Amino acid sequence: MTMMPAKKHFLSGISGMPQRGRLSWFEIILLAGCVAWVAFGLEPTSQDVVVLSFLFAGLALAWNIAGGCAGLISFGHAAFFGIGAYTSTILFQSYHVTPWLGIFAGAATAAIAGAVLSLICARLKGPFFILSSLAFAEVVRIIALNWSSVTGGAEGLSIPPVPDLANMVLGSKTAYETLTLVYLLAAYAITRWLEASRFGFYLFAIRDNDEAAAAAGINPLVVRSLAMALSAALTGVGGTLFAQYFLYLDPTYVISPELSFQFALLPAVGGLGTAIGPILGSFLITPLSELLRANLGNAVAGLHLVIYSVGLIVVMLYFPTGIAGALEKLKPRRRLP
């Protein structure tokens with residue numbers, strides 16, 4: 001009599017530590033902890049750091065779709081961030097369109113800009129694409145600075161600080177925590193979907209060897225353009241959330257190279273091409289930078305930046321595959337029979 005194999009429990013497919021393509025208990029506990037953190041509430045000063053950590057985690061996940069999954073290392077994502085922020089804000093101030101709708105218009109505009117950039121420059125490789133993305137962001141920044149009749153120029157744009165749910169001006173920081181957490185979870189879910197989808201396998205194949213992928217029937221230009229459009233759209237959503245939280249847009253920051261570098265840095269520290277890596281990078285780097293700026297920013301000019309940079313160098317030296325890669329090595333290995 002043959003024995004029927006026992007059915008596997010649905011939880012048996014969940015690993016302990018992060019792995020690409022598999023959900024882990026580590027990720028479930030971390031994200032559940034974020035939800036609990038928001039539910040129990042914190043002091044207002046801590047809430048600022050939490051909002052920024054959630055927001056930049058979502059932005060890092062958005063960058064990771066292009067940079068970590070498709071291999072399009074971009075130093076111009078601040079352009080998509082600014083396009084999303086300015087689109088929703090201009091629609092609200094000039095045409096009285098609620099940011100709840102403007103956020104989608106900003107995402108669509110950023111997606112179009114990302115697709116155009118990719119179609120024009122995706123054939124460039126390595127530093128050539130990096131420089132082209134950086135130049136694109138600089139062009140967008142110059143336009144924002146000089147088109148003062150629409151963007152406010154160097155003075156920027158201000159959103160009236162009058163709490164109104166219909167206009168996405170929320171009355172409490174807990175509400176902003178909830179909003180940015182939803183953004184983070186949505187970006188994480190999209191990244192997880194990509195890892196398990198055929199489109200995601202196309203991205204990884206093109207990233208690793210675009211010539212071999214093309215020989216297998218994959219169109220690298222189309223796939224990369226779609227990835228960049230999706231990445232830009234999610235970044236544009238983050239730009240709108242940033243605008244609605246700070247209620248002010250300054251083109252020298254919103255569309256700055258420093259912001260683009262930060263988008264790329266967080267996944268690099270946490271783990272490129274993984275779903276949890278950008279989140280880990282943001283949860284480590286964002287509070288650290290805010291803490292150093294608050295405590296050492298006025299002590300010695302630039303001291304907080306020196307400490308911040310040394311910490312980043314140490315992380316990159318001892319964790320070349322990112323924090324997620326280090327955690328993956330902690331998983332128990334099966335013994336051969």
# chains A, B, ... in the order shown; residues from 1 in each chain; ligands from 1
>>> select_by_dssp(residues="range 118-257 of chain A", states="helix (DSSP H, G or I)", output="JSON, numbers by chain")
{"A": [118, 119, 120, 121, 127, 128, 129, 130, 131, 132, 133, 134, 135, 136, 137, 138, 139, 140, 141, 142, 143, 144, 145, 146, 148, 149, 150, 151, 153, 154, 155, 165, 166, 167, 173, 174, 175, 176, 177, 178, 179, 180, 181, 182, 183, 184, 185, 186, 187, 188, 189, 190, 191, 192, 193, 194, 195, 196, 198, 199, 200, 201, 202, 203, 204, 205, 206, 207, 208, 210, 211, 212, 213, 214, 215, 220, 221, 222, 223, 224, 225, 226, 227, 228, 229, 230, 231, 232, 233, 234, 235, 236, 237, 238, 239, 240, 241, 242, 243, 244, 245, 246, 251, 252, 253, 254, 257]}
>>> residues_around(residues="range 276-291 of chain A", least_positions_apart="3", cutoff="7 Å", atoms="only C-alpha atoms", output="PyMOL selection string")
chain A and resi 27+49+53+56-57+60-61+266-267+269-272+294-295+308+323-324
>>> closest_residue(among="A:Val150, A:Ala243, A:Leu157, A:Ala189", to="Thr274 in chain A", atoms="only C-alpha atoms")
A:Ala189
>>> closest_residue(among="A:Ile255, A:Val35, A:Ala166, A:Val310", to="Phe136 in chain A", atoms="only C-alpha atoms")
A:Ile255
>>> atom_distance(atom1="CA of Gly325 in chain A", atom2="CA of Ala216 in chain A")
29.0 Å
>>> residues_around(residues="Leu55 in chain A", least_positions_apart="2", cutoff="9 Å", atoms="only C-alpha atoms", output="list of chain:residue names")
A:Val50, A:Val51, A:Leu52, A:Ser53, A:Ala57, A:Gly58, A:Leu59, A:Ala60, A:Glu177, A:Thr180, A:Leu181, A:Tyr183, A:Leu184, A:Gly238, A:Leu241, A:Phe242, A:Ser282
>>> residues_around(residues="range 115-130 of chain A", least_positions_apart="4", cutoff="7 Å", atoms="only C-alpha atoms", output="list in words")
Ile73, Ser74, Phe75, Ala111, Leu134, Leu221, Arg224, Ser225, Leu226, Met228 and Ala229 of chain A
>>> residues_around(residues="Ile159 in chain A", least_positions_apart="4", cutoff="10 Å", atoms="only C-alpha atoms", output="VMD selection string")
chain A and resid 89 to 90 92 to 93 167 169 243 to 249
>>> atom_distance(atom1="CA of Gly68 in chain A", atom2="CA of Ile14 in chain A")
22.9 Å
>>> atom_distance(atom1="CA of Gly67 in chain A", atom2="CA of Leu203 in chain A")
10.3 Å
>>> select_by_dssp(residues="range 2-196 of chain A", states="strand (DSSP E or B)", output="list in words")
Ser15, Gln19, Arg22, Ser24, Leu157, Ser158, Asp164 and Val169 of chain A
>>> write_last_selection(atoms="N, CA and C atoms", output="PDB file, in the first residue's frame")
ATOM      1  N   SER A  15      10.374  31.237   4.711  1.00  0.00           N
ATOM      2  CA  SER A  15      11.704  31.014   5.262  1.00  0.00           C
ATOM      3  C   SER A  15      11.899  31.840   6.526  1.00  0.00           C
ATOM      4  N   GLN A  19      15.085  35.915   1.698  1.00  0.00           N
ATOM      5  CA  GLN A  19      15.583  35.286   0.482  1.00  0.00           C
ATOM      6  C   GLN A  19      14.822  35.873  -0.699  1.00  0.00           C
ATOM      7  N   ARG A  22      11.126  34.545  -1.869  1.00  0.00           N
ATOM      8  CA  ARG A  22      10.401  33.864  -0.790  1.00  0.00           C
ATOM      9  C   ARG A  22      10.164  34.829   0.356  1.00  0.00           C
ATOM     10  N   SER A  24       9.722  35.804   4.199  1.00  0.00           N
ATOM     11  CA  SER A  24      10.406  35.299   5.383  1.00  0.00           C
ATOM     12  C   SER A  24       9.694  35.779   6.653  1.00  0.00           C
ATOM     13  N   LEU A 157       6.997  76.558  -3.769  1.00  0.00           N
ATOM     14  CA  LEU A 157       5.542  76.585  -3.624  1.00  0.00           C
ATOM     15  C   LEU A 157       5.160  76.200  -2.197  1.00  0.00           C
ATOM     16  N   SER A 158       4.169  76.879  -1.680  1.00  0.00           N
ATOM     17  CA  SER A 158       3.670  76.588  -0.334  1.00  0.00           C
ATOM     18  C   SER A 158       2.227  76.109  -0.412  1.00  0.00           C
ATOM     19  N   ASP A 164      -7.219  69.551   6.370  1.00  0.00           N
ATOM     20  CA  ASP A 164      -8.395  69.246   5.550  1.00  0.00           C
ATOM     21  C   ASP A 164      -8.156  67.887   4.904  1.00  0.00           C
ATOM     22  N   VAL A 169      -4.276  67.358   3.657  1.00  0.00           N
ATOM     23  CA  VAL A 169      -3.534  68.069   4.700  1.00  0.00           C
ATOM     24  C   VAL A 169      -4.056  67.522   6.018  1.00  0.00           C
TER      25      VAL A 169
END
>>> residues_around(residues="Ile83 in chain A", least_positions_apart="2", cutoff="8 Å", atoms="only C-alpha atoms", output="list in words")
Ala79, Phe80, Phe81, Ala85, Tyr86, Thr87, Gly106, Thr109, Ala110, Gly236 and Gly239 of chain A
